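Structure file upload.pdb with PDB, C-alpha atoms and all ligand atoms:
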MODEL        1
ATOM      1  CA  MET I1037     -11.530  -4.186  -7.913
ATOM      2  CA  LEU I1038     -11.788  -2.537  -4.469
ATOM      3  CA  LYS I1039     -14.782  -0.611  -3.194
ATOM      4  CA  ILE I1040     -14.912   0.920   0.270
ATOM      5  CA  ALA I1041     -18.075   2.626   1.462
ATOM      6  CA  GLY I1042     -18.711   4.544   4.688
ATOM      7  CA  LEU I1043     -15.809   2.908   6.499
ATOM      8  CA  ASN I1044     -15.274   3.633  10.188
ATOM      9  CA  SER I1045     -12.327   1.851  11.690
ATOM     10  CA  GLY I1046      -9.683   1.968  14.397
ATOM     11  CA  TYR I1047      -7.936   0.041  17.121
ATOM     12  CA  GLY I1048      -9.958  -1.218  20.071
ATOM     13  CA  ARG I1049     -11.989   1.747  21.281
ATOM     14  CA  VAL I1050      -9.846   4.244  19.398
ATOM     15  CA  GLY I1051     -11.727   5.395  16.293
ATOM     16  CA  VAL I1052      -9.428   6.556  13.487
ATOM     17  CA  LEU I1053     -11.266   6.469  10.150
ATOM     18  CA  ASN I1054     -14.569   8.182   9.629
ATOM     19  CA  ALA I1055     -16.978   7.558   6.714
ATOM     20  CA  VAL I1056     -14.228   6.767   4.208
ATOM     21  CA  ASP I1057     -15.312   6.029   0.619
ATOM     22  CA  LEU I1058     -12.635   4.860  -1.811
ATOM     23  CA  GLU I1059     -12.417   2.863  -5.019
ATOM     24  CA  VAL I1060      -9.649   1.211  -7.001
ATOM     25  CA  ASP I1061     -10.357  -0.007 -10.527
ATOM     26  CA  GLU I1062      -8.530  -2.723 -12.398
ATOM     27  CA  ARG I1063      -4.980  -1.763 -13.428
ATOM     28  CA  GLU I1064      -5.317   1.554 -11.650
ATOM     29  CA  ILE I1065      -2.705   3.160  -9.385
ATOM     30  CA  VAL I1066      -4.555   4.924  -6.591
ATOM     31  CA  VAL I1067      -2.577   7.130  -4.235
ATOM     32  CA  ILE I1068      -3.411   7.984  -0.632
ATOM     33  CA  LEU I1069      -1.827  11.161   0.654
ATOM     34  CA  GLY I1070      -2.084  12.893   3.993
ATOM     35  CA  PRO I1071      -0.090  14.292   6.898
ATOM     36  CA  ASN I1072       1.292  12.153   9.729
ATOM     37  CA  GLY I1073      -1.454  10.563  11.762
ATOM     38  CA  ALA I1074      -4.101  11.135   9.058
ATOM     39  CA  GLY I1075      -5.068   7.454   9.068
ATOM     40  CA  LYS I1076      -3.350   6.237   5.879
ATOM     41  CA  THR I1077      -1.772   3.166   7.468
ATOM     42  CA  THR I1078      -4.982   2.460   9.362
ATOM     43  CA  LEU I1079      -6.851   2.463   6.057
ATOM     44  CA  LEU I1080      -4.501  -0.171   4.580
ATOM     45  CA  ASN I1081      -4.648  -2.128   7.859
ATOM     46  CA  SER I1082      -8.450  -2.066   7.734
ATOM     47  CA  ILE I1083      -8.480  -3.414   4.183
ATOM     48  CA  SER I1084      -6.057  -6.216   5.002
ATOM     49  CA  GLY I1085      -7.915  -7.152   8.191
ATOM     50  CA  VAL I1086      -5.340  -5.925  10.727
ATOM     51  CA  ALA I1087      -7.547  -3.076  11.995
ATOM     52  CA  ARG I1088     -11.250  -3.672  12.623
ATOM     53  CA  ALA I1089     -14.000  -1.963  10.674
ATOM     54  CA  THR I1090     -16.756  -0.763  12.999
ATOM     55  CA  ALA I1091     -19.062   0.495  10.225
ATOM     56  CA  GLY I1092     -19.254   0.484   6.443
ATOM     57  CA  SER I1093     -18.134  -2.102   3.928
ATOM     58  CA  ILE I1094     -15.073  -3.258   2.020
ATOM     59  CA  GLU I1095     -15.610  -5.164  -1.202
ATOM     60  CA  PHE I1096     -12.746  -6.757  -3.093
ATOM     61  CA  ASP I1097     -13.059  -8.475  -6.459
ATOM     62  CA  GLY I1098     -16.835  -8.644  -6.041
ATOM     63  CA  LYS I1099     -16.717 -10.174  -2.539
ATOM     64  CA  ASP I1100     -17.407  -8.619   0.834
ATOM     65  CA  ILE I1101     -14.182  -8.751   2.869
ATOM     66  CA  THR I1102     -15.325  -6.525   5.743
ATOM     67  CA  GLY I1103     -14.053  -8.159   8.926
ATOM     68  CA  ALA I1104     -12.082 -10.857   7.073
ATOM     69  CA  ARG I1105      -8.830 -12.002   8.660
ATOM     70  CA  PRO I1106      -5.461 -11.039   7.106
ATOM     71  CA  GLU I1107      -4.723 -14.590   5.910
ATOM     72  CA  GLN I1108      -8.131 -14.774   4.178
ATOM     73  CA  VAL I1109      -7.600 -11.415   2.505
ATOM     74  CA  VAL I1110      -4.175 -12.323   1.117
ATOM     75  CA  ARG I1111      -5.516 -15.654  -0.168
ATOM     76  CA  MET I1112      -8.099 -13.712  -2.166
ATOM     77  CA  GLY I1113      -5.338 -11.818  -3.963
ATOM     78  CA  LEU I1114      -4.897  -8.675  -1.941
ATOM     79  CA  ALA I1115      -1.305  -8.304  -0.728
ATOM     80  CA  HIS I1116      -0.053  -5.719   1.742
ATOM     81  CA  CYS I1117       3.514  -4.459   1.738
ATOM     82  CA  PRO I1118       3.529  -2.770   5.147
ATOM     83  CA  GLU I1119       5.200   0.351   6.445
ATOM     84  CA  GLY I1120       8.658  -0.468   7.785
ATOM     85  CA  ARG I1121       8.941  -3.450   5.384
ATOM     86  CA  GLN I1122       8.623  -6.080   8.130
ATOM     87  CA  ILE I1123      10.753  -8.681   6.424
ATOM     88  CA  PHE I1124      12.323 -11.516   8.413
ATOM     89  CA  GLN I1125      15.682  -9.987   9.306
ATOM     90  CA  ARG I1126      17.245 -13.246  10.430
ATOM     91  CA  LEU I1127      16.341 -15.190   7.310
ATOM     92  CA  THR I1128      18.069 -15.058   3.940
ATOM     93  CA  ILE I1129      16.482 -13.344   0.962
ATOM     94  CA  GLU I1130      15.470 -16.681  -0.515
ATOM     95  CA  GLU I1131      14.042 -17.880   2.812
ATOM     96  CA  ASN I1132      11.975 -14.686   3.060
ATOM     97  CA  LEU I1133      10.502 -15.465  -0.354
ATOM     98  CA  VAL I1134       9.829 -19.109   0.593
ATOM     99  CA  ALA I1135       7.931 -17.930   3.680
ATOM    100  CA  ALA I1136       5.772 -15.643   1.542
ATOM    101  CA  HIS I1137       4.750 -18.296  -1.009
ATOM    102  CA  ILE I1138       1.202 -19.304  -0.139
ATOM    103  CA  GLY I1139       0.388 -21.180  -3.342
ATOM    104  CA  ARG I1140      -2.609 -18.963  -4.046
ATOM    105  CA  GLY I1141      -2.627 -18.926  -7.818
ATOM    106  CA  GLY I1142      -1.107 -22.390  -8.230
ATOM    107  CA  ARG I1143       2.204 -21.252  -9.716
ATOM    108  CA  SER I1144       5.342 -22.853  -8.336
ATOM    109  CA  PHE I1145       7.699 -21.196  -5.889
ATOM    110  CA  GLU I1146      10.522 -21.303  -8.481
ATOM    111  CA  THR I1147       8.440 -19.544 -11.159
ATOM    112  CA  LEU I1148       7.366 -16.759  -8.837
ATOM    113  CA  ARG I1149      10.807 -16.380  -7.279
ATOM    114  CA  ASN I1150      12.371 -16.086 -10.738
ATOM    115  CA  GLU I1151       9.887 -13.341 -11.633
ATOM    116  CA  VAL I1152      10.857 -11.469  -8.469
ATOM    117  CA  PHE I1153      14.553 -11.948  -9.339
ATOM    118  CA  GLU I1154      13.902 -10.564 -12.827
ATOM    119  CA  LEU I1155      12.324  -7.435 -11.353
ATOM    120  CA  PHE I1156      15.060  -7.058  -8.729
ATOM    121  CA  PRO I1157      18.337  -8.642  -9.962
ATOM    122  CA  ILE I1158      20.119  -7.577  -6.759
ATOM    123  CA  LEU I1159      17.920 -10.003  -4.813
ATOM    124  CA  LYS I1160      19.127 -12.842  -7.033
ATOM    125  CA  GLU I1161      22.725 -11.808  -6.544
ATOM    126  CA  ARG I1162      22.332 -11.769  -2.787
ATOM    127  CA  ARG I1163      19.788 -14.568  -2.453
ATOM    128  CA  ASN I1164      21.746 -16.439   0.225
ATOM    129  CA  GLY I1165      22.608 -13.324   2.216
ATOM    130  CA  MET I1166      20.873 -12.378   5.452
ATOM    131  CA  ALA I1167      18.055  -9.873   5.015
ATOM    132  CA  SER I1168      19.427  -7.852   7.929
ATOM    133  CA  ARG I1169      22.612  -7.174   5.967
ATOM    134  CA  MET I1170      20.857  -5.535   3.046
ATOM    135  CA  SER I1171      20.534  -1.797   2.495
ATOM    136  CA  GLY I1172      17.199  -0.049   3.056
ATOM    137  CA  GLY I1173      16.498  -0.032  -0.676
ATOM    138  CA  GLN I1174      17.228  -3.726  -1.027
ATOM    139  CA  GLN I1175      15.012  -4.487   1.971
ATOM    140  CA  GLN I1176      12.192  -2.528   0.330
ATOM    141  CA  MET I1177      12.696  -4.542  -2.862
ATOM    142  CA  LEU I1178      12.501  -7.735  -0.810
ATOM    143  CA  ALA I1179       9.335  -6.487   0.896
ATOM    144  CA  ILE I1180       7.714  -5.901  -2.507
ATOM    145  CA  GLY I1181       9.059  -9.251  -3.724
ATOM    146  CA  ARG I1182       7.477 -10.983  -0.753
ATOM    147  CA  ALA I1183       4.106  -9.382  -1.479
ATOM    148  CA  LEU I1184       4.366 -10.496  -5.128
ATOM    149  CA  MET I1185       4.880 -14.112  -4.034
ATOM    150  CA  ALA I1186       1.168 -14.071  -3.128
ATOM    151  CA  GLU I1187       0.292 -13.424  -6.824
ATOM    152  CA  PRO I1188      -1.807 -10.391  -5.935
ATOM    153  CA  LYS I1189      -4.530  -8.813  -8.052
ATOM    154  CA  LEU I1190      -4.180  -5.753  -5.877
ATOM    155  CA  LEU I1191      -0.996  -4.688  -4.132
ATOM    156  CA  MET I1192      -1.039  -2.218  -1.240
ATOM    157  CA  LEU I1193       2.217  -0.374  -0.620
ATOM    158  CA  ASP I1194       2.748   1.688   2.535
ATOM    159  CA  GLU I1195       5.368   4.401   2.013
ATOM    160  CA  PRO I1196       7.782   2.399  -0.141
ATOM    161  CA  SER I1197      10.074   5.434  -0.568
ATOM    162  CA  LEU I1198      10.564   6.038   3.157
ATOM    163  CA  GLY I1199      14.210   6.719   4.016
ATOM    164  CA  LEU I1200      15.566   5.779   0.583
ATOM    165  CA  ALA I1201      17.968   7.635  -1.719
ATOM    166  CA  PRO I1202      16.412   9.420  -4.735
ATOM    167  CA  LYS I1203      17.945   6.980  -7.247
ATOM    168  CA  ILE I1204      16.475   3.973  -5.423
ATOM    169  CA  ILE I1205      13.107   5.725  -5.107
ATOM    170  CA  GLN I1206      13.036   6.226  -8.901
ATOM    171  CA  GLN I1207      13.833   2.554  -9.382
ATOM    172  CA  ILE I1208      11.054   1.459  -7.008
ATOM    173  CA  PHE I1209       8.541   3.742  -8.721
ATOM    174  CA  HIS I1210       9.475   2.342 -12.141
ATOM    175  CA  ILE I1211       8.771  -1.118 -10.792
ATOM    176  CA  ILE I1212       5.414   0.063  -9.419
ATOM    177  CA  LEU I1213       4.495   1.388 -12.879
ATOM    178  CA  ASP I1214       5.624  -1.894 -14.492
ATOM    179  CA  LEU I1215       3.555  -3.929 -12.029
ATOM    180  CA  SER I1216       0.528  -1.820 -12.838
ATOM    181  CA  LYS I1217       1.100  -2.328 -16.588
ATOM    182  CA  SER I1218       1.327  -6.076 -15.975
ATOM    183  CA  GLY I1219      -2.256  -5.949 -14.670
ATOM    184  CA  ILE I1220      -1.876  -5.545 -10.900
ATOM    185  CA  SER I1221      -3.926  -2.776  -9.299
ATOM    186  CA  ILE I1222      -1.962  -0.637  -6.854
ATOM    187  CA  LEU I1223      -3.037   1.208  -3.730
ATOM    188  CA  LEU I1224      -0.128   3.394  -2.692
ATOM    189  CA  VAL I1225       0.361   5.368   0.528
ATOM    190  CA  GLU I1226       3.099   7.892  -0.061
ATOM    191  CA  GLN I1227       4.655  10.958   1.563
ATOM    192  CA  ASN I1228       6.470  11.904  -1.621
ATOM    193  CA  VAL I1229       3.476  13.804  -2.976
ATOM    194  CA  GLN I1230       4.901  14.954  -6.287
ATOM    195  CA  LEU I1231       6.232  11.573  -7.331
ATOM    196  CA  ALA I1232       3.090   9.783  -6.167
ATOM    197  CA  LEU I1233       0.834  12.105  -8.154
ATOM    198  CA  GLU I1234       3.039  11.739 -11.232
ATOM    199  CA  CYS I1235       2.749   7.979 -11.140
ATOM    200  CA  GLY I1236      -0.837   7.643  -9.856
ATOM    201  CA  ASP I1237      -4.105   7.670 -11.805
ATOM    202  CA  TYR I1238      -6.358   8.821  -8.998
ATOM    203  CA  ALA I1239      -5.646  10.213  -5.540
ATOM    204  CA  TYR I1240      -7.280  10.688  -2.163
ATOM    205  CA  LEU I1241      -6.128  13.129   0.475
ATOM    206  CA  LEU I1242      -6.861  11.996   4.030
ATOM    207  CA  ASN I1243      -6.764  14.221   7.062
ATOM    208  CA  THR I1244      -7.898  13.386  10.595
ATOM    209  CA  GLY I1245      -9.401  10.113   9.422
ATOM    210  CA  ARG I1246     -11.569  11.545   6.652
ATOM    211  CA  VAL I1247     -11.208  11.838   2.888
ATOM    212  CA  ARG I1248     -10.828  15.583   2.348
ATOM    213  CA  VAL I1249     -10.011  15.764  -1.351
ATOM    214  CA  HIS I1250     -10.126  13.222  -4.159
ATOM    215  CA  GLY I1251      -9.774  13.303  -7.902
ATOM    216  CA  PRO I1252      -7.588  12.351 -10.875
ATOM    217  CA  ALA I1253      -3.946  12.510  -9.774
ATOM    218  CA  GLN I1254      -2.960  14.964 -12.474
ATOM    219  CA  GLU I1255      -5.732  17.354 -11.485
ATOM    220  CA  LEU I1256      -4.761  17.140  -7.833
ATOM    221  CA  ALA I1257      -1.165  17.895  -8.791
ATOM    222  CA  GLU I1258      -2.320  21.058 -10.535
ATOM    223  CA  HIS I1259      -4.733  22.108  -7.800
ATOM    224  CA  SER I1260      -3.178  25.102  -6.099
ATOM    225  CA  ALA I1261      -5.092  24.544  -2.879
ATOM    226  CA  ILE I1262      -3.764  21.036  -2.344
ATOM    227  CA  SER I1263      -0.369  21.916  -0.954
ATOM    228  CA  GLU I1264      -1.974  24.425   1.384
ATOM    229  CA  HIS I1265      -4.450  21.843   2.640
ATOM    230  CA  TYR I1266      -1.813  19.169   2.683
ATOM    231  CA  LEU I1267       0.366  21.205   4.952
ATOM    232  CA  GLY I1268      -2.118  20.963   7.737
ATOM    233  CA  GLY I1269      -5.083  23.265   7.210
ATOM    234  CA  ALA I1270      -8.146  21.305   8.283
ATOM    235  CA  ILE I1271     -10.652  20.948   5.464
ATOM    236  CA  GLU I1272     -14.235  20.731   6.597
ATOM    237  CA  GLU I1273     -15.876  19.906   3.270
ATOM    238  CA  THR I1274     -14.879  17.124   0.907
ATOM    239  CA  ILE I1275     -13.565  18.596  -2.318
ATOM    240  CA  HIS I1276     -13.990  16.555  -5.491
ATOM    241  CA  VAL I1277     -11.482  17.914  -7.994
TER     242      VAL I1277
HETATM  243  N1  LIG N   1      -2.081   0.292  17.053
HETATM  244  C1  LIG N   1      -2.656   1.448  17.324
HETATM  245  N2  LIG N   1      -3.427   1.622  18.426
HETATM  246  C2  LIG N   1      -4.046   2.790  18.704
HETATM  247  N3  LIG N   1      -3.958   3.888  17.924
HETATM  248  C3  LIG N   1      -3.208   3.796  16.813
HETATM  249  C4  LIG N   1      -2.516   2.579  16.451
HETATM  250  N4  LIG N   1      -1.855   2.818  15.277
HETATM  251  C5  LIG N   1      -2.115   4.098  14.948
HETATM  252  N5  LIG N   1      -2.923   4.669  15.855
HETATM  253  C6  LIG N   1      -3.412   6.063  15.815
HETATM  254  O1  LIG N   1      -4.228   6.194  14.664
HETATM  255  C7  LIG N   1      -4.054   7.477  14.066
HETATM  256  C8  LIG N   1      -3.720   7.302  12.603
HETATM  257  O2  LIG N   1      -2.463   6.647  12.483
HETATM  258  P1  LIG N   1      -1.935   6.085  11.100
HETATM  259  O3  LIG N   1      -0.655   5.348  11.393
HETATM  260  O4  LIG N   1      -3.005   5.357  10.394
HETATM  261  O5  LIG N   1      -1.615   7.433  10.320
HETATM  262  P2  LIG N   1      -0.777   7.681   9.026
HETATM  263  O6  LIG N   1      -1.553   8.608   8.189
HETATM  264  O7  LIG N   1      -0.381   6.380   8.406
HETATM  265  O8  LIG N   1       0.492   8.435   9.600
HETATM  266  P3  LIG N   1       2.056   8.208   9.382
HETATM  267  O9  LIG N   1       2.369   8.887   8.096
HETATM  268  O10 LIG N   1       2.642   8.880  10.575
HETATM  269  O11 LIG N   1       2.306   6.731   9.354
HETATM  270  C9  LIG N   1      -2.973   8.191  14.867
HETATM  271  O12 LIG N   1      -3.597   9.078  15.751
HETATM  272  C10 LIG N   1      -2.295   7.065  15.612
HETATM  273  O13 LIG N   1      -1.796   7.506  16.858
ENDMDL
END

Rewrite the structure from the file as C-alpha cells, please.
Ligand SMILES: Nc1ncnc2c1ncn2[C@@H]1O[C@H](COP(=O)(O)OP(=O)(O)OP(=O)(O)O)[C@@H](O)[C@H]1O
Amino acid sequence: MLKIAGLNSGYGRVGVLNAVDLEVDEREIVVILGPNGAGKTTLLNSISGVARATAGSIEFDGKDITGARPEQVVRMGLAHCPEGRQIFQRLTIEENLVAAHIGRGGRSFETLRNEVFELFPILKERRNGMASRMSGGQQQMLAIGRALMAEPKLLMLDEPSLGLAPKIIQQIFHIILDLSKSGISILLVEQNVQLALECGDYAYLLNTGRVRVHGPAQELAEHSAISEHYLGGAIEETIHV
C-alpha cells in the first residue's frame, strides 16, 4: 500500500529525515514511535506532501507520489489527520465535515457523514454546535471524521491520544482497530508506546531522523532494549527485531 525507500526530507534547507525506509501493507496498522523531535511528524508531512522529499521515493497504491502536492495525495486516497487536530474551530461539526468532503470515491456527503456519525454518535448529537466548544476528545473524533470523509485507503494519524483522558483514548483506539478491520490501512504516530504496540501490527522507532529499530509490534513490545533506546540513548545501528 505504501512503500518509502531512502527518504531524505525536511523544511527548506533544514534536513530532518535521513535514509528512511518504511512499508505499510493493506489492512495493516503500522506504528511510528520516537522521542520528541525524532522526525515522526515530518515523516507524515513528507508522505502527504507538506514537507519536501530531497532524496528517495514514496510509492502509494502502486503510484509514485514523491513530490506530489497535498491535494493530489488526498485525492489518491491517503488522508492525514494532523497533530493538533487542525479542525475549523469557527465552523460547526457538520460544516467541518462538509468542508472535508472531496467526492473522491463518488459516495454522497450524506452517506459518508452518516458513517462518521455511526462511529462517533456524539458528533451527531452535537452536529450543529461550534467545533470550538467541543472537548479535546470530541475534537479528535471530528478530526478523524474529517479524514474519513476523503474515503481513504490509508489513514495517517498523528498522536491521536495527545492530551486526552484514558477512557477517551481507549475509545479512539477501538475506533482505529475497527477502521483497520474495515479495510483501511493505518499509519499511526503515537507517544503512548504501550497502547500503540498493543494495537499495531508492525512498528518503527525513529530517532534523530533515522529508523533505529523496526519489527513486528508484539516483538518490539517484548524487546527489553526498546525502552532503554526509546528513552534517549542514540542507536547507531539499525536493529531489525
Ligand atoms: N516547519 C519546520 N521548519 C523547520 N524545522 C522544523 C519544522 N517542523 C519541525 N522541524 C524540526 O524538525 C525536527 C523533527 O520535528 P518533528 O516535528 O518531525 O518531530 P516529532 O518526532 O514529530 O516530534 P514531536 O513528538 O515533538 O512532535 C525537529 O528538530 C524540529 O525542530

For this session: Could you state which residues are captured by the PyMOL selection byres (((not hetatm)) within 8 of (chain N and resi 1)) in this file, as an NGL selection string?
Result: :I and (1046-1048 or 1050-1053 or 1069-1079 or 1119 or 1225 or 1227 or 1242-1245)

Problem set entry | From I:Ile1138, I:Ile1211, I:Ala1201, I:Val1247, residue lying nearest Met1177 in chain I [all atoms listed in the file] | I:Ile1211

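For the residues I:Leu1213, I:Ala1239, I:Met1170, I:Val1249, ranking by smallest atom-to-atom distance to Leu1127 in chain I using all atoms listed in the file places I:Met1170 first.
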
Seminar exercise, completed: Counting all atoms listed in the file, closest pick from I:Val1066, I:Leu1191, I:Met1166, I:Met1185 relative to Gly1219 in chain I is I:Leu1191

Exercise. Which residues fall under the PyMOL selection byres (((chain I and resi 1085) around 12) and not hetatm) in this file, as an MDAnalysis selection string?
Worked result: chainID I and resid 1045:1047 1078:1084 1086:1090 1094 1101:1110 1114:1116

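CA of Ala1091 in chain I is found 21.3 Å from CA of Leu1223 in chain I.
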
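Between CA of Ala1136 in chain I and CA of Lys1039 in chain I the interatomic distance comes to 25.9 Å.
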
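Take CA of Tyr1240 in chain I and CA of Ser1093 in chain I: the distance between them is 17.8 Å.
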
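Restricting the calculation to only C-alpha atoms, the smallest distance between Asn1044 in chain I and any of I:Arg1162, I:Met1192, I:Arg1246, I:Arg1182 is found for I:Arg1246.
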
Take every atom of range 1100-1113 of chain I listed in the file, fit an axis-aligned box around them, add 8 Å per side, and give the centre and edge lengths in Å to one decimal as AutoDock Vina command-line options.
--center_x -10.8 --center_y -11.1 --center_z 2.5 --size_x 29.2 --size_y 25.1 --size_z 28.9

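With all atoms listed in the file taken into account, the protein and nucleic acid residues at most 8 Å from Ile1123 in chain I (excluding it and anything under 6 positions from it in its own chain) are I:Asn1132, I:Ala1167, I:Gln1175, I:Leu1178, I:Ala1179.
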
Exercise. Got a sec: who's within 7 Å of Tyr1238 in chain I, counting all atoms listed in the file, leaving out chain neighbours fewer than 6 positions off, as a PyMOL selection string?
Worked result: chain I and resi 1065-1067+1251-1253

For this session: Taking the file above as input, evaluate the PyMOL selection byres (((chain I and resi 1216) around 12) and not hetatm) and report the hits as a PyMOL selection string.
Result: chain I and resi 1061-1066+1188-1192+1209-1215+1217-1224+1235-1237

Exercise. Nearest to Leu1159 in chain I: which of I:Thr1147, I:Gln1176, I:Asn1228, I:Gln1206 is it, counting all atoms listed in the file?
Worked result: I:Gln1176
